[in-house]
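Below is one structure; the comments refer to it alone.
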Amino acid sequence: MKPLQLLVFFMFNVLVLNISISPLCAKAPTPPKILFTSARDSNYEVYVMNPDGSEQVNLTQHRANDLGAVWSPTGEKILFISDRGGERDLYSMNPDGSNQRRIFRRKTKLFRKSPTWSPNGKQFAYVDVNWNTVDSTIHIATLGEQDTVPFAKGLYPAWSPDGMEIVCTIGGQLIFIDIHTGARKLLLLEKEIHLQRFPSWSAMGDKLAFAGNNHPLPDIKGLNPQEARDLHNAWKDKQTIFIVNRDGTGLKQLVAEDGSDAWIPALSPSGDEVLYTQSVKETPHIFKFNVNSGVRTQLTHDGFRRFGNFGGDWFDPEFALPVSPQSYFLTTWGTVKTHRLHD
């Protein structure tokens, strides 16, 4: 073979091999990493950073809005939301941002959001929002399959680390739903917390972080529109972050109410730190709160008014869950397919 032909042959094989094996060579991050959403580049993109806020890297780099990313249990895959197909839907990608693909082939008029992985990494739950009926339904899907099953009416699902239940918001309260039986249990707290949202588990499943409000929703009857908005915004700004044991004991408020509203908490795998979003001069930024020391650290600083940074999802290889077939998941999936929950 002539040298030029050999070179062309070699380059062709390199290209083919790179295209064919790159998706299979996705590797989980070695150090701990945090996924988050930022609009610093004029539209929402998925970023990754170190737990101290350093090395912030844009993973999606797309003109569409990409947001709400979550790590798979082993850190080898990422689920996120994008409207690049003309509607917000679920996509997946590798930890370095490569191999971005739409999960479902069929388009829908619904708005898919809030993905959460099962601990075996083979299934995930998400929320379908029907804008015509303002109806939100949690669905369960298996990775690589197109069929999904309605699970419950609710919002903000978070799959427990033991795989046995999903906690979600129903009627403004956190409810645990058993994957096997569909039985429901209310998170019984030591005091009343209003509008409980955005639950996040520790890796051991012994703690939950969530957003909520110490104050009931104000009565705006008889007020003019501006007075009603002002009263509601004042109430909204009191939304804060809590951490609690799985059994409802040990409730602790982490963020004071003297700033803007705090939302989207993400509990670290160890349970010692919590990410949350709060605005600084009307620009949302991500903060980290150390539960033990009480030290608060601002992790993001770039952004525009109202369009800054939000969310967060941790991956720490020290707490990564092994992915292996588990018999109860097979039983669970069969149960879910034949037993739909209704509110």
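Ordering of the structure tokens sets the chain letters (A, B, ...), residue numbers begin anew at 1 in every chain, and ligands are numbered from 1 in the order given.
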
- Task: Mind checking which residues fall within 7 Å of Trp263 in chain A, counting only C-alpha atoms, ignoring those fewer than 3 positions away in the same chain, and posting them as a list in words?
- Result: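 Residues near the query, excluding close chain neighbours: Ala211, Thr240, Ile241, Tyr276, Thr277 and Gln278 of chain A.
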
Output the selection as a compact mmCIF listing (two decimals), in the first residue's frame - N, CA, C and O atoms for each residue.
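Okay, again-v3.txt is ready:
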# COMPACT_ATOMS: atom_id res chain seq x y z
N ALA A 211 -37.31 22.89 50.10
CA ALA A 211 -37.67 24.30 50.23
C ALA A 211 -39.08 24.39 50.79
O ALA A 211 -39.94 23.55 50.50
N THR A 240 -37.60 29.38 52.28
CA THR A 240 -36.26 29.09 52.75
C THR A 240 -35.95 27.60 52.59
O THR A 240 -36.75 26.85 52.02
N ILE A 241 -34.81 27.18 53.10
CA ILE A 241 -34.34 25.81 52.94
C ILE A 241 -34.31 25.10 54.29
O ILE A 241 -33.84 25.67 55.28
N TYR A 276 -28.18 25.61 47.24
CA TYR A 276 -29.47 26.24 47.03
C TYR A 276 -29.28 27.48 46.18
O TYR A 276 -28.16 27.98 46.01
N THR A 277 -30.37 27.99 45.63
CA THR A 277 -30.34 29.17 44.76
C THR A 277 -31.00 30.34 45.47
O THR A 277 -32.08 30.18 46.06
N GLN A 278 -30.36 31.50 45.39
CA GLN A 278 -30.91 32.72 45.98
C GLN A 278 -30.39 33.92 45.20
O GLN A 278 -29.23 33.92 44.77

- Item | Contacts of Asp237 in chain A at 12 Å (only C-alpha atoms; same-chain gap of 5+ positions) as a PyMOL selection string | chain A and resi 211-215+217+230-232+255-263+278-279+282

Would you mind exporting all heavy atoms of the selected residues as a short mmCIF file (atom, residue, chain, number, x, y, z; two decimals), in the first residue's frame?
data_model
loop_
_atom_site.label_atom_id
_atom_site.label_comp_id
_atom_site.auth_asym_id
_atom_site.auth_seq_id
_atom_site.Cartn_x
_atom_site.Cartn_y
_atom_site.Cartn_z
N ALA A 211 -37.31 22.89 50.10
CA ALA A 211 -37.67 24.30 50.23
C ALA A 211 -39.08 24.39 50.79
O ALA A 211 -39.94 23.55 50.50
CB ALA A 211 -37.59 25.00 48.88
N GLY A 212 -39.32 25.41 51.61
CA GLY A 212 -40.64 25.59 52.20
C GLY A 212 -40.77 26.95 52.83
O GLY A 212 -39.83 27.76 52.83
N ASN A 213 -41.93 27.21 53.39
CA ASN A 213 -42.22 28.52 53.96
C ASN A 213 -42.82 28.34 55.35
O ASN A 213 -43.74 27.54 55.54
CB ASN A 213 -43.20 29.28 53.06
CG ASN A 213 -43.16 30.77 53.26
OD1 ASN A 213 -43.22 31.26 54.40
ND2 ASN A 213 -43.07 31.52 52.17
N ASN A 214 -42.29 29.09 56.32
CA ASN A 214 -42.82 29.03 57.68
C ASN A 214 -44.19 29.68 57.81
O ASN A 214 -44.88 29.47 58.81
CB ASN A 214 -41.86 29.74 58.64
CG ASN A 214 -40.61 28.92 58.94
OD1 ASN A 214 -40.71 27.78 59.36
ND2 ASN A 214 -39.45 29.50 58.69
N HIS A 215 -44.58 30.44 56.80
CA HIS A 215 -45.79 31.26 56.89
C HIS A 215 -46.84 30.78 55.89
O HIS A 215 -46.52 30.46 54.74
CB HIS A 215 -45.45 32.72 56.63
CG HIS A 215 -44.26 33.20 57.40
ND1 HIS A 215 -44.34 33.64 58.70
CD2 HIS A 215 -42.94 33.26 57.06
CE1 HIS A 215 -43.14 33.97 59.13
NE2 HIS A 215 -42.27 33.75 58.15
N LEU A 217 -49.87 30.91 53.15
CA LEU A 217 -50.13 31.79 52.01
C LEU A 217 -51.10 32.90 52.43
O LEU A 217 -52.15 32.63 53.02
CB LEU A 217 -50.74 30.99 50.86
CG LEU A 217 -50.86 31.69 49.50
CD1 LEU A 217 -49.47 31.97 48.93
CD2 LEU A 217 -51.65 30.82 48.54
N ASP A 230 -47.70 42.63 45.79
CA ASP A 230 -46.72 42.99 46.81
C ASP A 230 -46.78 42.04 48.00
O ASP A 230 -45.74 41.60 48.52
CB ASP A 230 -46.94 44.42 47.28
CG ASP A 230 -46.61 45.45 46.23
OD1 ASP A 230 -45.91 45.08 45.25
OD2 ASP A 230 -47.04 46.61 46.35
N LEU A 231 -48.00 41.72 48.41
CA LEU A 231 -48.16 40.82 49.56
C LEU A 231 -47.66 39.42 49.22
O LEU A 231 -46.98 38.77 50.03
CB LEU A 231 -49.63 40.77 49.98
CG LEU A 231 -49.94 40.03 51.29
CD1 LEU A 231 -49.19 40.67 52.45
CD2 LEU A 231 -51.44 40.02 51.56
N HIS A 232 -47.98 38.95 48.00
CA HIS A 232 -47.53 37.62 47.59
C HIS A 232 -46.01 37.58 47.47
O HIS A 232 -45.37 36.60 47.89
CB HIS A 232 -48.17 37.23 46.26
CG HIS A 232 -47.76 35.87 45.79
ND1 HIS A 232 -46.67 35.66 44.96
CD2 HIS A 232 -48.28 34.64 46.05
CE1 HIS A 232 -46.54 34.38 44.73
NE2 HIS A 232 -47.50 33.73 45.35
N VAL A 255 -31.48 28.58 56.01
CA VAL A 255 -31.32 29.91 55.40
C VAL A 255 -32.27 30.89 56.07
O VAL A 255 -33.46 30.59 56.26
CB VAL A 255 -31.59 29.86 53.88
CG1 VAL A 255 -31.41 31.23 53.25
CG2 VAL A 255 -30.67 28.84 53.21
N ALA A 256 -31.75 32.05 56.42
CA ALA A 256 -32.58 33.07 57.06
C ALA A 256 -33.59 33.64 56.06
O ALA A 256 -33.43 33.53 54.85
CB ALA A 256 -31.69 34.19 57.61
N GLU A 257 -34.62 34.28 56.59
CA GLU A 257 -35.70 34.82 55.75
C GLU A 257 -35.48 36.29 55.39
O GLU A 257 -36.39 36.92 54.85
CB GLU A 257 -37.04 34.66 56.46
CG GLU A 257 -37.43 33.22 56.73
CD GLU A 257 -38.73 33.11 57.51
OE1 GLU A 257 -39.35 34.17 57.75
OE2 GLU A 257 -39.11 31.99 57.87
N ASP A 258 -34.31 36.83 55.67
CA ASP A 258 -34.10 38.26 55.45
C ASP A 258 -33.61 38.60 54.04
O ASP A 258 -33.31 39.76 53.74
CB ASP A 258 -33.13 38.84 56.48
CG ASP A 258 -31.80 38.09 56.51
OD1 ASP A 258 -31.64 37.14 55.72
OD2 ASP A 258 -30.93 38.45 57.32
N GLY A 259 -33.49 37.60 53.18
CA GLY A 259 -33.09 37.85 51.79
C GLY A 259 -34.22 37.51 50.85
O GLY A 259 -35.39 37.46 51.24
N SER A 260 -33.89 37.28 49.58
CA SER A 260 -34.92 36.82 48.63
C SER A 260 -35.18 35.34 48.88
O SER A 260 -34.51 34.69 49.68
CB SER A 260 -34.43 37.05 47.19
OG SER A 260 -33.28 36.27 46.94
N ASP A 261 -36.18 34.80 48.17
CA ASP A 261 -36.54 33.41 48.39
C ASP A 261 -35.40 32.47 48.01
O ASP A 261 -34.65 32.70 47.06
CB ASP A 261 -37.81 33.06 47.61
CG ASP A 261 -37.64 33.23 46.11
OD1 ASP A 261 -37.13 34.27 45.69
OD2 ASP A 261 -38.03 32.32 45.36
N ALA A 262 -35.25 31.40 48.80
CA ALA A 262 -34.25 30.37 48.54
C ALA A 262 -34.97 29.14 48.01
O ALA A 262 -36.02 28.76 48.52
CB ALA A 262 -33.49 30.05 49.81
N TRP A 263 -34.40 28.49 46.99
CA TRP A 263 -35.11 27.39 46.34
C TRP A 263 -34.13 26.38 45.75
O TRP A 263 -32.91 26.56 45.78
CB TRP A 263 -36.06 27.92 45.26
CG TRP A 263 -35.48 28.91 44.29
CD1 TRP A 263 -34.87 30.10 44.59
CD2 TRP A 263 -35.45 28.81 42.86
NE1 TRP A 263 -34.46 30.74 43.45
CE2 TRP A 263 -34.81 29.99 42.38
CE3 TRP A 263 -35.91 27.86 41.95
CZ2 TRP A 263 -34.60 30.22 41.01
CZ3 TRP A 263 -35.71 28.10 40.60
CH2 TRP A 263 -35.08 29.26 40.14
N GLN A 278 -30.36 31.50 45.39
CA GLN A 278 -30.91 32.72 45.98
C GLN A 278 -30.39 33.92 45.20
O GLN A 278 -29.23 33.92 44.77
CB GLN A 278 -30.53 32.83 47.46
CG GLN A 278 -31.29 33.92 48.21
CD GLN A 278 -31.05 33.84 49.71
OE1 GLN A 278 -29.94 33.55 50.16
NE2 GLN A 278 -32.09 34.09 50.49
N SER A 279 -31.23 34.92 45.02
CA SER A 279 -30.84 36.08 44.21
C SER A 279 -29.99 37.07 45.01
O SER A 279 -30.25 37.32 46.19
CB SER A 279 -32.07 36.79 43.65
OG SER A 279 -32.72 35.99 42.70
N GLU A 282 -31.04 40.83 42.49
CA GLU A 282 -31.98 40.34 41.47
C GLU A 282 -31.34 39.37 40.47
O GLU A 282 -31.96 39.04 39.46
CB GLU A 282 -32.63 41.51 40.72
CG GLU A 282 -33.44 42.43 41.61
CD GLU A 282 -34.24 43.44 40.83
OE1 GLU A 282 -34.71 43.12 39.72
OE2 GLU A 282 -34.40 44.56 41.33
#

- Task: Report as a PyMOL selection string: the residues of range 153-279 of chain A with a DSSP assignment of strand (DSSP E), based on the backbone of this structure.
- Result: chain A and resi 153+155-159+165-170+173-178+184-186+194-201+207-213+240-245+252-253+263-267+273-279

- Point-to-point distance in Å for CA of Trp117 in chain A and CA of Asp247 in chain A: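 Value for the CA of Asp247 in chain A-CA of Trp117 in chain A distance: 22.3 Å.
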
- Task: Compile the contact shell of range 250-254 of chain A as a ChimeraX atom specification: residues with an atom at most 8 Å away, counting only C-alpha atoms, same-chain residues fewer than 6 positions apart removed.
- Result: /A:189-190,240-244,289,291,294

Expected file: the selected residues, N, CA, C and O atoms, as a PDB file, in the first residue's frame:
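Wrote it out as again_25.pdb, contents follow:
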ATOM      1  N   LEU A 189     -43.749  16.441  60.062  1.00  0.00           N
ATOM      2  CA  LEU A 189     -42.764  17.353  60.612  1.00  0.00           C
ATOM      3  C   LEU A 189     -43.157  17.816  62.012  1.00  0.00           C
ATOM      4  O   LEU A 189     -44.328  17.735  62.411  1.00  0.00           O
ATOM      5  N   GLU A 190     -42.176  18.337  62.726  1.00  0.00           N
ATOM      6  CA  GLU A 190     -42.409  18.805  64.093  1.00  0.00           C
ATOM      7  C   GLU A 190     -43.199  20.113  64.117  1.00  0.00           C
ATOM      8  O   GLU A 190     -43.758  20.493  65.134  1.00  0.00           O
ATOM      9  N   THR A 240     -37.600  29.384  52.279  1.00  0.00           N
ATOM     10  CA  THR A 240     -36.256  29.089  52.748  1.00  0.00           C
ATOM     11  C   THR A 240     -35.955  27.601  52.594  1.00  0.00           C
ATOM     12  O   THR A 240     -36.748  26.846  52.022  1.00  0.00           O
ATOM     13  N   ILE A 241     -34.807  27.184  53.100  1.00  0.00           N
ATOM     14  CA  ILE A 241     -34.338  25.805  52.935  1.00  0.00           C
ATOM     15  C   ILE A 241     -34.307  25.105  54.285  1.00  0.00           C
ATOM     16  O   ILE A 241     -33.844  25.669  55.285  1.00  0.00           O
ATOM     17  N   PHE A 242     -34.773  23.859  54.285  1.00  0.00           N
ATOM     18  CA  PHE A 242     -34.793  23.046  55.501  1.00  0.00           C
ATOM     19  C   PHE A 242     -34.050  21.734  55.256  1.00  0.00           C
ATOM     20  O   PHE A 242     -33.940  21.276  54.119  1.00  0.00           O
ATOM     21  N   ILE A 243     -33.601  21.140  56.331  1.00  0.00           N
ATOM     22  CA  ILE A 243     -33.081  19.772  56.297  1.00  0.00           C
ATOM     23  C   ILE A 243     -33.769  19.003  57.409  1.00  0.00           C
ATOM     24  O   ILE A 243     -34.069  19.562  58.473  1.00  0.00           O
ATOM     25  N   VAL A 244     -34.063  17.739  57.167  1.00  0.00           N
ATOM     26  CA  VAL A 244     -34.814  16.951  58.133  1.00  0.00           C
ATOM     27  C   VAL A 244     -34.424  15.486  57.997  1.00  0.00           C
ATOM     28  O   VAL A 244     -33.964  15.043  56.924  1.00  0.00           O
ATOM     29  N   PHE A 289     -24.171  25.625  51.638  1.00  0.00           N
ATOM     30  CA  PHE A 289     -24.284  25.804  53.084  1.00  0.00           C
ATOM     31  C   PHE A 289     -23.764  24.561  53.786  1.00  0.00           C
ATOM     32  O   PHE A 289     -24.198  23.441  53.485  1.00  0.00           O
ATOM     33  N   VAL A 291     -23.864  22.298  56.793  1.00  0.00           N
ATOM     34  CA  VAL A 291     -24.843  22.037  57.841  1.00  0.00           C
ATOM     35  C   VAL A 291     -24.191  22.026  59.218  1.00  0.00           C
ATOM     36  O   VAL A 291     -24.802  22.456  60.207  1.00  0.00           O
ATOM     37  N   GLY A 294     -22.272  25.902  59.582  1.00  0.00           N
ATOM     38  CA  GLY A 294     -23.099  27.066  59.302  1.00  0.00           C
ATOM     39  C   GLY A 294     -22.484  28.037  58.312  1.00  0.00           C
ATOM     40  O   GLY A 294     -23.032  29.113  58.067  1.00  0.00           O
TER      41      GLY A 294
END

- Item | Option closest in space to Asn290 in chain A, from A:Asp52, A:Gln100, A:Asp41, A:Pro73 [counting only C-alpha atoms] | A:Asp52

- Message: Show me, as a PyMOL selection string, the residues that have an atom within 10 Å of range 30-36 of chain A when counting only C-alpha atoms, minus same-chain residues fewer than 4 positions from it.
- Response: chain A and resi 45-53+55-59+67-71+75+78+95+266+268+275+286+300+309-319

- Message: If I take CA of Pro216 in chain A and CA of Arg197 in chain A, how far is one from the other in Å, to one decimal?
- Response: 14.4 Å

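Looking only at range 147-294 of chain A, the set that DSSP places in alpha helix (DSSP H) from backbone geometry is Pro225, Gln226, Glu227, Ala228, Arg229, Asp230, Leu231, His232, Asn233, Ala234, Trp235 and Lys236 of chain A.
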
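Counting from CA of Phe80 in chain A, the distance to CA of Tyr126 in chain A is 10.7 Å.
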